[in-house]
Amino acid sequence: MIGFFKQNLRSFGKDRSGAAMIEFAISLPLLLLIVGLIIEGSRITWTHQAAASGVRDAARYFARTANPDICDSQTAVDAFNADAGNSTTASNIVTRRVGDPSDAIFPGGVSVVGITPTVSCVPVAYQTDDVAVVEVNARLQIVFPFGGVFDFFGEPLDPLTTDISDESRVFGT
């Protein structure tokens with residue numbers, strides 16, 4: 001009986017037919033981690049570019065709709081900067097550009113935390129009047145929808161908070 005087990009144990013040790021499957025099972029978690037990082041990195045880059053494009057669109061919108069003579073009166077500048085409707089409009093422009101997360105295959109998970117359009121008057125050497133410039137600053141929070149997968153490999157991925165700003169000269173309509 002002992003000879004039978006010895007014979008089978010020797011043949012079991014020489015058998016290499018399952019080695020490729022064992023090597024694949026060992027390397028699979030690392031491959032999945034790399035693929036997950038590539039997907040998350042590309043998705044975050046995509047949503048960040050969409051948000052930056054939305055902030056740029058908001059700055060262009062205010063540059064076209066603001067009064068070109070806004071720098072003639074400090075009261076007009078203060079009224080523009082204090083108008084809460086401008087923040088709502090800018091937030092709608094950025095949110096529309098990023099897209100609704102519920103409609104996407106890979107949800108962006110971008111939320112506008114705060115957005116402030118401001119106008120400032122910049123003196124120019126070759127002109128007597130100041131030039132109005134609209135600046136839109138947005139604070140965005142980007143959530144990693146697949147971040148829970150990375151809990152298996154260590155710490156979870158916390159949401160990313162980033163600031164994006166763009167400015168444009170006021171030309172008016």
# chains A, B, ... in the order shown; residues from 1 in each chain; ligands from 1

$ select_by_dssp --residues "range 40-128 of chain A" --states "strand (DSSP E)" --output "list in words"
Val110, Ser111, Val112, Val113, Gly114, Ile115, Thr116, Pro117, Thr118, Val119, Ser120, Cys121 and Val122 of chain A

$ write_last_selection --atoms "C-alpha atoms" --output "mmCIF file, in the first residue's frame"
data_model
loop_
_atom_site.group_PDB
_atom_site.id
_atom_site.type_symbol
_atom_site.label_atom_id
_atom_site.label_comp_id
_atom_site.auth_asym_id
_atom_site.auth_seq_id
_atom_site.Cartn_x
_atom_site.Cartn_y
_atom_site.Cartn_z
ATOM 1 C CA VAL A 110 -18.315 64.727 -11.089
ATOM 2 C CA SER A 111 -20.130 67.129 -8.813
ATOM 3 C CA VAL A 112 -19.728 70.899 -8.744
ATOM 4 C CA VAL A 113 -18.864 71.835 -5.166
ATOM 5 C CA GLY A 114 -18.581 75.571 -5.795
ATOM 6 C CA ILE A 115 -18.340 77.883 -8.758
ATOM 7 C CA THR A 116 -17.734 81.628 -8.804
ATOM 8 C CA PRO A 117 -17.708 83.846 -11.876
ATOM 9 C CA THR A 118 -16.060 87.202 -11.173
ATOM 10 C CA VAL A 119 -15.269 90.194 -13.322
ATOM 11 C CA SER A 120 -12.219 92.351 -12.839
ATOM 12 C CA CYS A 121 -10.983 95.467 -14.575
ATOM 13 C CA VAL A 122 -7.451 95.259 -15.913
#

$ atom_distance --atom1 "CA of Pro156 in chain A" --atom2 "CA of Arg139 in chain A"
22.1 Å

$ residues_around --residues "range 55-62 of chain A" --least-positions-apart "5" --cutoff "12 Å" --atoms "only C-alpha atoms" --output "PyMOL selection string"
chain A and resi 48-50+67-68+80-81+85-98+112+114-119+132-140+163-173

$ select_by_dssp --residues "range 38-114 of chain A" --states "alpha helix (DSSP H)" --output "PyMOL selection string"
chain A and resi 38-65+74-82+84-98

$ atom_distance --atom1 "CA of Ile26 in chain A" --atom2 "CA of Arg43 in chain A"
27.5 Å
